[in-house]
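Student: I'm passing along start.tsv; it holds TSV, C-alpha atoms and all ligand atoms.
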```
chain	number	residue	atom	x	y	z
A	53	MET	CA	37.98	-43.57	47.20
A	54	GLY	CA	39.57	-40.55	45.54
A	55	MET	CA	39.09	-39.47	41.96
A	56	SER	CA	41.30	-40.76	39.14
A	57	SER	CA	43.44	-38.20	37.32
A	58	ILE	CA	41.04	-38.31	34.37
A	59	GLU	CA	38.14	-37.57	36.69
A	60	VAL	CA	40.06	-34.71	38.30
A	61	LYS	CA	40.80	-33.24	34.86
A	62	LYS	CA	37.14	-33.53	33.91
A	63	ALA	CA	35.98	-31.95	37.15
A	64	ASN	CA	38.42	-29.04	36.75
A	65	GLN	CA	37.40	-28.50	33.17
A	66	ASN	CA	33.77	-28.52	34.17
A	67	SER	CA	34.25	-25.98	36.94
A	68	VAL	CA	36.24	-23.70	34.63
A	69	LEU	CA	33.48	-23.94	32.02
A	70	ARG	CA	30.68	-23.32	34.51
A	71	TYR	CA	32.56	-20.37	35.99
A	72	VAL	CA	33.34	-18.72	32.65
A	73	LEU	CA	29.73	-19.30	31.55
A	74	GLN	CA	28.54	-17.02	34.35
A	75	GLN	CA	31.07	-14.24	33.63
A	76	GLU	CA	31.52	-11.77	30.80
A	77	GLU	CA	35.27	-11.97	30.38
A	78	GLU	CA	38.02	-13.47	32.52
A	79	THR	CA	41.79	-13.91	32.50
A	80	LYS	CA	43.68	-17.08	33.38
A	81	ASN	CA	44.75	-15.41	36.61
A	82	SER	CA	41.25	-14.41	37.63
A	83	ILE	CA	39.88	-17.90	36.87
A	84	ALA	CA	42.70	-19.56	38.78
A	85	GLY	CA	42.12	-17.20	41.73
A	86	ALA	CA	38.36	-17.71	41.80
A	87	LEU	CA	38.51	-21.50	41.59
A	88	GLY	CA	41.69	-22.16	43.56
A	89	LEU	CA	43.37	-23.88	40.59
A	90	SER	CA	46.93	-23.51	39.30
A	91	ILE	CA	47.59	-21.43	36.15
A	92	PRO	CA	48.83	-24.48	34.17
A	93	THR	CA	45.63	-26.37	35.04
A	94	VAL	CA	43.48	-23.44	33.94
A	95	THR	CA	45.53	-23.11	30.74
A	96	GLN	CA	44.97	-26.78	29.97
A	97	CYS	CA	41.21	-26.54	30.64
A	98	LEU	CA	40.82	-23.42	28.49
A	99	LYS	CA	42.71	-25.12	25.65
A	100	LYS	CA	40.33	-28.08	25.77
A	101	LEU	CA	37.26	-25.82	25.94
A	102	GLU	CA	38.57	-23.85	22.94
A	103	ASP	CA	38.83	-27.15	21.06
A	104	TYR	CA	35.17	-27.83	21.87
A	105	GLY	CA	34.29	-24.40	20.47
A	106	LEU	CA	32.96	-23.26	23.84
A	107	VAL	CA	35.56	-20.65	24.79
A	108	LYS	CA	37.46	-18.04	22.81
A	109	GLU	CA	40.15	-15.46	23.40
A	110	THR	CA	38.88	-11.90	23.36
A	111	GLY	CA	42.17	-10.05	22.99
A	112	SER	CA	43.96	-8.31	25.78
A	113	MET	CA	42.41	-6.97	28.96
A	114	GLN	CA	43.87	-4.25	31.15
A	115	SER	CA	45.16	-5.85	34.32
A	116	ILE	CA	45.89	-4.17	37.65
A	117	GLY	CA	49.66	-4.00	37.26
A	118	GLY	CA	49.30	-2.27	33.90
A	119	ARG	CA	50.40	-5.39	32.04
A	120	LYS	CA	48.02	-6.69	29.41
A	121	ALA	CA	46.50	-10.13	29.99
A	122	ILE	CA	44.57	-12.22	27.53
A	123	GLY	CA	40.82	-12.33	28.15
A	124	TYR	CA	38.66	-15.39	27.66
A	125	THR	CA	34.96	-15.54	27.12
A	126	CYS	CA	32.44	-18.32	26.74
A	127	ILE	CA	30.57	-18.82	23.48
A	128	LYS	CA	27.32	-19.23	25.34
A	129	ASN	CA	25.20	-19.92	22.28
A	130	ALA	CA	27.55	-22.58	20.89
A	131	LYS	CA	24.76	-24.91	21.95
A	132	ALA	CA	21.13	-24.15	22.71
A	133	ALA	CA	17.99	-25.96	23.77
A	134	ILE	CA	14.27	-25.43	23.29
A	135	GLY	CA	11.77	-25.52	26.14
A	136	VAL	CA	8.01	-25.81	25.71
A	137	ASP	CA	5.68	-25.44	28.66
A	138	ILE	CA	2.20	-26.70	27.85
A	139	THR	CA	-0.56	-25.49	30.16
A	140	PRO	CA	-4.33	-25.92	29.71
A	141	ASN	CA	-4.63	-22.40	28.25
A	142	HIS	CA	-1.30	-21.50	26.70
A	143	VAL	CA	2.00	-22.70	25.44
A	144	ASN	CA	5.21	-20.95	26.54
A	145	ILE	CA	8.18	-21.45	24.29
A	146	VAL	CA	11.78	-20.54	25.07
A	147	VAL	CA	15.18	-21.05	23.56
A	148	ILE	CA	18.07	-20.90	26.04
A	149	ASP	CA	21.83	-20.89	25.68
A	150	LEU	CA	24.33	-22.83	27.78
A	151	ALA	CA	24.20	-20.19	30.52
A	152	MET	CA	20.39	-20.58	30.68
A	153	GLN	CA	19.92	-17.10	29.24
A	154	LEU	CA	16.83	-16.56	27.14
A	155	LEU	CA	17.48	-16.28	23.40
A	156	TYR	CA	13.77	-16.40	22.72
A	157	SER	CA	10.63	-16.38	24.81
A	158	LYS	CA	7.02	-16.20	23.72
A	159	ARG	CA	3.66	-17.06	25.20
A	160	GLN	CA	1.23	-18.39	22.61
A	161	ASN	CA	-2.49	-18.55	23.33
A	162	ILE	CA	-2.97	-22.05	22.06
A	163	ARG	CA	-5.26	-24.57	23.68
A	164	LEU	CA	-4.11	-28.02	22.80
A	165	TYR	CA	-6.62	-30.72	22.05
A	166	ASP	CA	-5.87	-34.24	21.02
A	167	ASP	CA	-6.39	-33.51	17.35
A	168	LYS	CA	-4.29	-32.93	14.28
A	169	ALA	CA	-5.17	-29.24	13.92
A	170	SER	CA	-3.85	-28.22	17.33
A	171	TYR	CA	-0.81	-30.46	17.07
A	172	ASP	CA	-0.05	-28.79	13.74
A	173	ALA	CA	-0.42	-25.38	15.41
A	174	LEU	CA	1.99	-26.42	18.14
A	175	ARG	CA	4.55	-27.67	15.66
A	176	ARG	CA	4.33	-24.39	13.75
A	177	VAL	CA	4.97	-22.21	16.80
A	178	ILE	CA	7.96	-24.34	17.75
A	179	GLU	CA	9.37	-24.03	14.25
A	180	GLN	CA	8.73	-20.29	14.39
A	181	ALA	CA	10.70	-20.13	17.66
A	182	LEU	CA	13.60	-21.96	16.08
A	183	TYR	CA	13.57	-19.56	13.15
A	184	GLU	CA	13.08	-16.33	15.12
A	185	SER	CA	15.71	-17.16	17.73
A	186	GLY	CA	18.28	-17.27	14.93
A	187	VAL	CA	19.85	-20.33	16.51
A	188	LYS	CA	21.43	-22.73	14.04
A	189	LYS	CA	19.54	-26.00	13.88
A	190	ASP	CA	22.66	-28.11	14.39
A	191	SER	CA	23.39	-26.34	17.68
A	192	ILE	CA	20.06	-27.42	19.19
A	193	LEU	CA	20.69	-30.10	21.79
A	194	GLY	CA	17.06	-31.05	22.24
A	195	MET	CA	13.60	-29.96	23.26
A	196	GLY	CA	12.23	-30.32	26.77
A	197	ILE	CA	8.47	-30.28	27.22
A	198	SER	CA	7.05	-29.33	30.58
A	199	LEU	CA	3.52	-30.45	31.42
A	200	PRO	CA	1.15	-30.58	34.42
A	201	THR	CA	1.58	-34.34	34.44
A	202	ILE	CA	3.45	-37.08	36.20
A	203	THR	CA	5.89	-38.60	33.74
A	204	ASP	CA	8.24	-41.57	34.08
A	205	GLU	CA	12.03	-41.22	34.56
A	206	THR	CA	12.71	-41.60	30.85
A	207	GLY	CA	10.47	-38.61	30.10
A	208	THR	CA	8.58	-40.52	27.44
A	209	ARG	CA	5.45	-41.71	29.27
A	210	ILE	CA	2.66	-39.81	30.98
A	211	PHE	CA	1.15	-41.52	34.04
A	212	ALA	CA	-1.30	-38.90	35.22
A	213	MET	CA	-2.43	-35.57	33.85
A	214	HIS	CA	-4.24	-32.44	35.10
A	215	GLU	CA	-7.96	-32.63	34.31
A	216	LYS	CA	-7.94	-29.56	32.07
A	217	MET	CA	-5.30	-31.00	29.78
A	218	GLN	CA	-6.77	-32.37	26.58
A	219	ILE	CA	-3.75	-33.97	24.96
A	220	SER	CA	-3.37	-37.70	24.56
A	221	PHE	CA	-1.40	-39.89	26.96
A	222	GLY	CA	0.61	-40.93	23.89
A	223	PHE	CA	1.65	-37.30	23.26
A	224	TYR	CA	5.34	-38.16	23.25
A	225	ASP	CA	4.97	-40.56	20.32
A	226	THR	CA	3.41	-37.77	18.28
A	227	VAL	CA	5.99	-35.12	19.11
A	228	LYS	CA	9.18	-37.15	18.92
A	229	ASP	CA	8.84	-37.56	15.13
A	230	TRP	CA	8.54	-33.85	14.43
A	231	PHE	CA	12.20	-32.92	14.83
A	232	ASP	CA	15.68	-34.36	14.26
A	233	PHE	CA	16.77	-33.67	17.84
A	234	PRO	CA	15.82	-35.50	21.03
A	235	VAL	CA	12.62	-34.68	22.90
A	236	ILE	CA	11.84	-35.32	26.54
A	237	MET	CA	8.87	-34.62	28.84
A	238	ARG	CA	9.06	-33.42	32.44
A	239	ASN	CA	6.74	-32.36	35.26
A	240	ASP	CA	6.16	-28.59	35.14
A	241	ALA	CA	6.70	-27.89	38.83
A	242	ASN	CA	10.03	-29.74	38.89
A	243	CYS	CA	11.20	-27.88	35.79
A	244	ALA	CA	10.24	-24.51	37.23
A	245	ALA	CA	11.93	-25.33	40.54
A	246	GLN	CA	15.15	-26.38	38.86
A	247	ALA	CA	15.24	-23.22	36.73
A	248	GLU	CA	14.51	-21.04	39.77
A	249	MET	CA	17.36	-22.59	41.78
A	250	LYS	CA	19.75	-22.06	38.87
A	251	ALA	CA	18.61	-18.45	38.41
A	252	ARG	CA	19.17	-17.77	42.12
A	253	GLY	CA	22.55	-19.49	42.04
A	254	GLU	CA	21.12	-21.45	44.96
A	255	THR	CA	22.69	-24.72	46.08
A	256	GLY	CA	20.95	-24.89	49.45
A	257	ASN	CA	17.62	-26.34	50.60
A	258	ALA	CA	14.21	-25.01	49.68
A	259	VAL	CA	10.61	-25.87	49.09
A	260	TYR	CA	9.30	-24.70	45.74
A	261	PHE	CA	5.54	-24.20	45.83
A	262	PHE	CA	4.27	-24.13	42.26
A	263	ILE	CA	0.87	-22.46	42.04
A	264	SER	CA	-0.69	-22.08	38.63
A	265	GLN	CA	-3.81	-23.64	37.20
A	266	SER	CA	-2.40	-26.76	38.72
A	267	VAL	CA	-0.68	-26.85	42.10
A	268	GLY	CA	2.46	-28.81	42.77
A	269	GLY	CA	6.00	-28.31	43.86
A	270	ALA	CA	9.41	-29.69	44.54
A	271	ILE	CA	11.58	-30.33	47.55
A	272	VAL	CA	15.07	-29.03	46.92
A	273	ASN	CA	18.02	-30.52	48.80
A	274	HIS	CA	21.42	-28.93	48.18
A	275	GLY	CA	20.07	-27.37	44.99
A	276	LYS	CA	18.85	-30.74	43.66
A	277	ILE	CA	15.41	-32.22	43.22
A	278	ASN	CA	14.58	-35.86	43.75
A	279	PRO	CA	11.66	-37.33	41.85
A	280	GLY	CA	10.68	-39.50	44.84
A	281	GLU	CA	10.16	-43.25	45.06
A	282	SER	CA	7.10	-43.19	42.83
A	283	LEU	CA	7.76	-39.86	41.06
A	284	ARG	CA	5.28	-38.03	43.29
A	285	GLU	CA	7.62	-36.14	45.59
A	286	GLY	CA	6.43	-32.59	46.09
A	287	GLU	CA	2.86	-33.18	44.83
A	288	PHE	CA	1.66	-30.54	47.29
A	289	GLY	CA	-1.54	-29.99	45.32
A	290	HIS	CA	-3.02	-33.23	46.65
A	291	MET	CA	-2.22	-32.79	50.30
A	292	THR	CA	-5.52	-32.66	52.20
A	293	LEU	CA	-6.17	-29.11	53.31
A	294	ILE	CA	-9.78	-29.50	54.47
A	295	PRO	CA	-10.71	-33.03	55.53
A	296	GLY	CA	-14.17	-34.56	55.50
A	297	PRO	CA	-17.24	-34.34	53.28
A	298	THR	CA	-17.27	-30.51	53.25
A	299	GLY	CA	-13.93	-30.40	51.44
A	300	ARG	CA	-14.13	-29.09	47.88
A	301	PRO	CA	-13.97	-31.84	45.25
A	302	CYS	CA	-10.58	-32.16	43.53
A	303	PHE	CA	-10.04	-33.38	39.97
A	304	CYS	CA	-8.16	-36.36	41.39
A	305	GLY	CA	-11.45	-37.73	42.71
A	306	ARG	CA	-10.83	-36.89	46.37
A	307	ARG	CA	-12.10	-34.02	48.49
A	308	GLY	CA	-10.33	-31.18	50.23
A	309	CYS	CA	-7.05	-31.25	48.27
A	310	ALA	CA	-4.93	-28.08	48.26
A	311	ASP	CA	-5.34	-27.90	44.49
A	312	ALA	CA	-9.09	-27.30	44.89
A	313	TYR	CA	-8.39	-24.23	47.06
A	314	LEU	CA	-5.25	-22.84	45.49
A	315	THR	CA	-5.54	-23.27	41.74
A	316	THR	CA	-5.20	-19.79	40.23
A	317	SER	CA	-8.32	-20.59	38.17
A	318	ILE	CA	-10.37	-19.64	41.25
A	319	LEU	CA	-9.06	-16.07	40.96
A	320	ALA	CA	-8.99	-15.91	37.16
A	321	ASP	CA	-12.56	-17.23	36.85
A	322	ALA	CA	-13.80	-14.26	38.89
A	323	ALA	CA	-12.20	-11.90	36.35
A	324	ASP	CA	-13.35	-13.26	32.99
A	325	GLY	CA	-10.66	-15.92	33.08
A	326	LEU	CA	-7.87	-13.31	33.29
A	327	LEU	CA	-5.55	-13.58	36.27
A	328	ASP	CA	-3.89	-10.31	35.29
A	329	LYS	CA	-7.23	-8.52	35.41
A	330	PHE	CA	-7.97	-9.99	38.82
A	331	PHE	CA	-4.79	-8.58	40.34
A	332	GLN	CA	-5.08	-5.24	38.54
A	333	GLU	CA	-8.57	-4.65	39.90
A	334	LEU	CA	-8.02	-6.31	43.29
A	335	PRO	CA	-7.23	-3.10	45.23
A	336	GLU	CA	-10.59	-1.54	44.26
A	337	LYS	CA	-13.05	-4.39	43.91
A	338	GLU	CA	-14.81	-5.48	47.07
A	339	ALA	CA	-15.82	-8.88	45.64
A	340	TYR	CA	-12.24	-9.62	44.63
A	341	ARG	CA	-10.98	-8.58	48.05
A	342	ALA	CA	-13.27	-11.10	49.78
A	343	LEU	CA	-12.21	-13.88	47.43
A	344	TRP	CA	-8.53	-13.00	47.85
A	345	GLU	CA	-8.86	-12.90	51.64
A	346	GLU	CA	-10.29	-16.43	51.62
A	347	TYR	CA	-7.68	-17.63	49.13
A	348	LEU	CA	-4.82	-16.23	51.21
A	349	GLN	CA	-6.18	-17.98	54.30
A	350	TYR	CA	-5.96	-21.37	52.54
A	351	LEU	CA	-2.56	-20.50	51.10
A	352	ALA	CA	-1.31	-19.62	54.57
A	353	LEU	CA	-2.60	-22.94	55.91
A	354	ALA	CA	-0.82	-24.90	53.17
A	355	ILE	CA	2.41	-22.97	53.78
A	356	HIS	CA	2.10	-23.45	57.54
A	357	ASN	CA	1.88	-27.23	56.99
A	358	LEU	CA	4.85	-27.24	54.61
A	359	ASN	CA	6.88	-25.18	57.05
A	360	MET	CA	6.11	-27.61	59.88
A	361	VAL	CA	7.48	-30.45	57.75
A	362	PHE	CA	10.40	-28.82	55.98
A	363	ASP	CA	11.52	-25.72	57.94
A	364	ARG	CA	13.39	-24.07	55.09
A	365	PRO	CA	12.94	-21.21	52.60
A	366	LEU	CA	9.72	-21.53	50.62
A	367	ILE	CA	9.54	-20.04	47.14
A	368	ILE	CA	6.17	-19.34	45.56
A	369	GLY	CA	6.36	-19.87	41.81
A	370	GLY	CA	3.97	-20.54	38.96
A	371	TYR	CA	1.44	-17.91	37.87
A	372	LEU	CA	0.88	-16.81	41.47
A	373	GLY	CA	4.60	-16.13	41.88
A	374	GLU	CA	4.23	-13.23	39.44
A	375	TYR	CA	1.77	-11.42	41.70
A	376	ILE	CA	2.39	-12.55	45.27
A	377	GLY	CA	5.30	-10.13	45.79
A	378	SER	CA	2.92	-7.29	46.75
A	379	TYR	CA	1.08	-9.48	49.25
A	380	THR	CA	3.86	-11.26	51.14
A	381	GLU	CA	3.30	-9.14	54.25
A	382	GLU	CA	-0.43	-9.92	54.29
A	383	LEU	CA	0.31	-13.60	53.71
A	384	GLY	CA	3.09	-13.62	56.30
A	385	LYS	CA	0.73	-12.20	58.94
A	386	LYS	CA	-1.72	-15.05	58.38
A	387	ILE	CA	1.05	-17.65	58.57
A	388	ARG	CA	2.33	-16.14	61.82
A	389	GLU	CA	-1.17	-16.23	63.29
A	390	MET	CA	-1.24	-20.01	62.74
A	391	ASP	CA	2.02	-20.65	64.52
A	392	PRO	CA	2.59	-19.03	67.94
A	393	TYR	CA	6.30	-19.88	67.72
A	394	LEU	CA	6.85	-18.28	64.36
A	395	GLU	CA	8.07	-14.70	64.67
A	396	ASP	CA	9.44	-14.22	61.21
A	397	SER	CA	7.74	-15.20	57.97
A	398	SER	CA	10.50	-13.97	55.68
A	399	PHE	CA	11.19	-17.59	54.68
A	400	VAL	CA	8.34	-17.14	52.17
A	401	LYS	CA	9.68	-15.57	48.98
A	402	PRO	CA	8.26	-14.88	45.54
A	403	ALA	CA	10.05	-16.60	42.65
A	404	VAL	CA	12.52	-14.50	40.66
A	405	LEU	CA	11.64	-16.21	37.38
A	406	LYS	CA	8.25	-15.51	35.92
A	407	TYR	CA	6.07	-17.49	33.52
A	408	GLU	CA	9.00	-18.82	31.47
A	409	ALA	CA	10.41	-20.78	34.41
A	410	ALA	CA	8.93	-24.19	33.58
A	411	ALA	CA	9.91	-24.00	29.90
A	412	MET	CA	13.43	-22.88	30.87
A	413	GLY	CA	13.79	-25.80	33.27
A	414	ALA	CA	12.63	-28.25	30.61
A	415	ALA	CA	15.16	-26.87	28.12
A	416	ALA	CA	17.89	-26.95	30.77
A	417	VAL	CA	17.56	-30.74	30.96
A	418	PHE	CA	19.52	-30.77	27.70
A	419	THR	CA	22.03	-28.00	28.41
A	420	GLU	CA	22.86	-29.55	31.80
A	421	GLN	CA	23.21	-32.99	30.25
A	422	TYR	CA	25.58	-31.52	27.66
A	423	LEU	CA	27.68	-29.61	30.20
A	424	ASN	CA	27.98	-32.70	32.37
A	425	SER	CA	28.99	-34.87	29.40
A	426	LEU	CA	32.12	-32.87	28.55
B	1	ZN	ZN	-6.52	-33.98	44.59
```
What would you get if you wrote out this structure as structure tokens?

Tutor:
Amino acid sequence: MGMSSIEVKKANQNSVLRYVLQQEEETKNSIAGALGLSIPTVTQCLKKLEDYGLVKETGSMQSIGGRKAIGYTCIKNAKAAIGVDITPNHVNIVVIDLAMQLLYSKRQNIRLYDDKASYDALRRVIEQALYESGVKKDSILGMGISLPTITDETGTRIFAMHEKMQISFGFYDTVKDWFDFPVIMRNDANCAAQAEMKARGETGNAVYFFISQSVGGAIVNHGKINPGESLREGEFGHMTLIPGPTGRPCFCGRRGCADAYLTTSILADAADGLLDKFFQELPEKEAYRALWEEYLQYLALAIHNLNMVFDRPLIIGGYLGEYIGSYTEELGKKIREMDPYLEDSSFVKPAVLKYEAAAMGAAAVFTEQYLNSL
């Protein structure tokens, strides 16, 4: 069945909005040309978007024929959303605009425990973010919270949580009363994957391998992530890497899980808990080199397995994504050694987004919802 004329109008308006959001300034002609729409259609869409307060005229632009044309630009911060990524050791807070650009980003060294004092501290840093970003309160669409947990589809219930997390399973009920805008919880790896795809402008297939203190991931089909039948799709951290009784114990109660071999805590713990220090001193320190060599071997094995199943680009994100760029050749060599048919390991890529990715993805739940609702 085809679309009704109302649906066509909505779809056109949405593509005009999404296009203008990614550009600095455009004319009706350039929008029509880029999207294959007629000038009257574009005019109608721009009019509607001006009514919503999302687009404005910027005066006249020089056009090729020497005639002046009116320019249009998107008011990207007409609406904004907050993202909070809670990890065992820190809290990353971002504020993004409708184009997913960062208006604010800060990492706070807060360890959250299930007590009033740390919840108060968290609320304060979120309020500080709201204030320092200069975003008007009534333009905030909502706050997305990313966590190393499995949450339900409604984003209000936690089913399972990483062992190092100390917050309560009823965390949502505490947080939702703090603010006058909606709050939602999401799995960190899925958030980071979604933000990464958006940042790459990627609508294809990929595997996103999220490697931080917790290990997880997402399977991306045509730029989209499915949660899976029981919300566990892409839980790469609990694939068995080393079977049998010699496998390292995992916090999930089993042995030999990828998480037990790939958590970045293994590297950080060797360097006074500082991952940054580990990578800074890695080129010189013999002990670090040995540990890294072993770590890379397990990472290569996990990637080899994922490649056998998915056969598509694999993006390494999370904390490791910030450092792996200098070691992709070393890693690629190990992956190639495991697969006699694999000649090229360039399918493995470091993420383009760094530590803010998960918080950005959580915030984007609201900006995407808003853009789709227009
Ligand atoms: Zn496990």

Student: Which is closest to ligand ZN 1 (chain B) among A:Lys189, A:Arg252, A:Arg300, A:Arg159, if we use only C-alpha atoms and all ligand atoms?

Tutor: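 Nearest to ligand ZN 1 (chain B): A:Arg300.
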
Student: Nearest to Phe221 of chain A among A:Phe330, A:Thr208, A:Arg163, A:Glu179, with distances taken over all atoms listed in the file: which residue is it?

Tutor: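 Among the listed residues, the smallest separation from Phe221 of chain A belongs to A:Thr208.
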
Student: Counting all atoms listed in the file, which residues of chain A fall within 7 Å of ligand ZN 1 (chain B), and what is the closest atom pair for each with its distance in Å at one decimal, ordered by chain and rising number, as a Markdown table?

Tutor:
```
| residue | atom | partner | partner_atom | distance |
| --- | --- | --- | --- | --- |
| A:Gly289 | CA | B:ZN1 | ZN | 6.4 |
| A:His290 | CA | B:ZN1 | ZN | 4.1 |
| A:Cys302 | CA | B:ZN1 | ZN | 4.6 |
| A:Phe303 | CA | B:ZN1 | ZN | 5.8 |
| A:Cys304 | CA | B:ZN1 | ZN | 4.3 |
| A:Gly305 | CA | B:ZN1 | ZN | 6.5 |
| A:Arg306 | CA | B:ZN1 | ZN | 5.5 |
| A:Arg307 | CA | B:ZN1 | ZN | 6.8 |
| A:Cys309 | CA | B:ZN1 | ZN | 4.6 |
| A:Asp311 | CA | B:ZN1 | ZN | 6.2 |
```

Student: Enumerate, in order of chain and increasing residue number, the residues of segment 394-426 of chain A with an atom no farther than 12 Å from segment 130-138 of chain A, each with its shortest atom pair and distance in Å to one decimal, counting all atoms listed in the file, as JSON lines.

Tutor:
```
{"residue": "A:Tyr407", "atom": "CA", "partner": "A:Asp137", "partner_atom": "CA", "distance": 9.3}
{"residue": "A:Glu408", "atom": "CA", "partner": "A:Asp137", "partner_atom": "CA", "distance": 7.9}
{"residue": "A:Ala409", "atom": "CA", "partner": "A:Asp137", "partner_atom": "CA", "distance": 8.8}
{"residue": "A:Ala410", "atom": "CA", "partner": "A:Asp137", "partner_atom": "CA", "distance": 6.0}
{"residue": "A:Ala411", "atom": "CA", "partner": "A:Gly135", "partner_atom": "CA", "distance": 4.5}
{"residue": "A:Met412", "atom": "CA", "partner": "A:Gly135", "partner_atom": "CA", "distance": 5.7}
{"residue": "A:Gly413", "atom": "CA", "partner": "A:Gly135", "partner_atom": "CA", "distance": 7.4}
{"residue": "A:Ala414", "atom": "CA", "partner": "A:Gly135", "partner_atom": "CA", "distance": 5.3}
{"residue": "A:Ala415", "atom": "CA", "partner": "A:Gly135", "partner_atom": "CA", "distance": 4.2}
{"residue": "A:Ala416", "atom": "CA", "partner": "A:Ala133", "partner_atom": "CA", "distance": 7.1}
{"residue": "A:Val417", "atom": "CA", "partner": "A:Ala133", "partner_atom": "CA", "distance": 8.6}
{"residue": "A:Phe418", "atom": "CA", "partner": "A:Ala133", "partner_atom": "CA", "distance": 6.4}
{"residue": "A:Thr419", "atom": "CA", "partner": "A:Ala133", "partner_atom": "CA", "distance": 6.5}
{"residue": "A:Glu420", "atom": "CA", "partner": "A:Ala133", "partner_atom": "CA", "distance": 10.1}
{"residue": "A:Gln421", "atom": "CA", "partner": "A:Ala133", "partner_atom": "CA", "distance": 10.9}
{"residue": "A:Tyr422", "atom": "CA", "partner": "A:Lys131", "partner_atom": "CA", "distance": 8.8}
{"residue": "A:Leu423", "atom": "CA", "partner": "A:Lys131", "partner_atom": "CA", "distance": 9.9}
```

Student: What is the distance, in Å and to one decimal place, between atom CA of Asn359 of chain A and atom CA of Leu199 of chain A?

Tutor: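 Spanning atom CA of Asn359 of chain A to atom CA of Leu199 of chain A is a straight-line distance of 26.4 Å.
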
Student: Could you tell me how far atom CA of Asn129 of chain A lies from atom CA of Asp190 of chain A, in Å and to one decimal?

Tutor: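 Computing the Euclidean distance for atom CA of Asn129 of chain A and atom CA of Asp190 of chain A yields 11.7 Å.
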
Student: Of the candidates A:Asp363, A:Glu248, A:Glu109, A:Asp321, which one gets nearest to Leu343 of chain A if we count all atoms listed in the file?

Tutor: A:Asp321

Student: What does the structure give for the distance between atom CA of Gln65 of chain A and atom CA of Gln96 of chain A, in Å to one decimal?

Tutor: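 About the pair atom CA of Gln65 of chain A and atom CA of Gln96 of chain A: they are 8.4 Å apart.
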
Student: Got a sec: who's within 9 Å of Tyr104 of chain A, counting only C-alpha atoms, leaving out chain neighbours fewer than 4 positions off, as a list in words?

Tutor: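 The filter keeps Lys99, Lys100 and Leu426 of chain A.
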
Student: For each of A:Leu89, A:Leu98, A:Leu319, A:Leu154, take the minimum atom-to-atom distance to Glu345 of chain A, counting all atoms listed in the file, then give the residue where this is smallest.

Tutor: A:Leu319

Student: Name the closest residue to Asp391 of chain A among the candidates A:Tyr124, A:Ala342, A:Leu353, A:Gly105; distances are taken between atoms, counting all atoms listed in the file.

Tutor: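 The answer is A:Leu353, which sits nearest to Asp391 of chain A.
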
Student: Select, from A:Ile210, A:Cys126, A:Leu73, A:Val60, the residue with the minimum atom-to-atom distance to Thr93 of chain A, counting all atoms listed in the file.

Tutor: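 Closest to Thr93 of chain A, using all atoms listed in the file: A:Val60.
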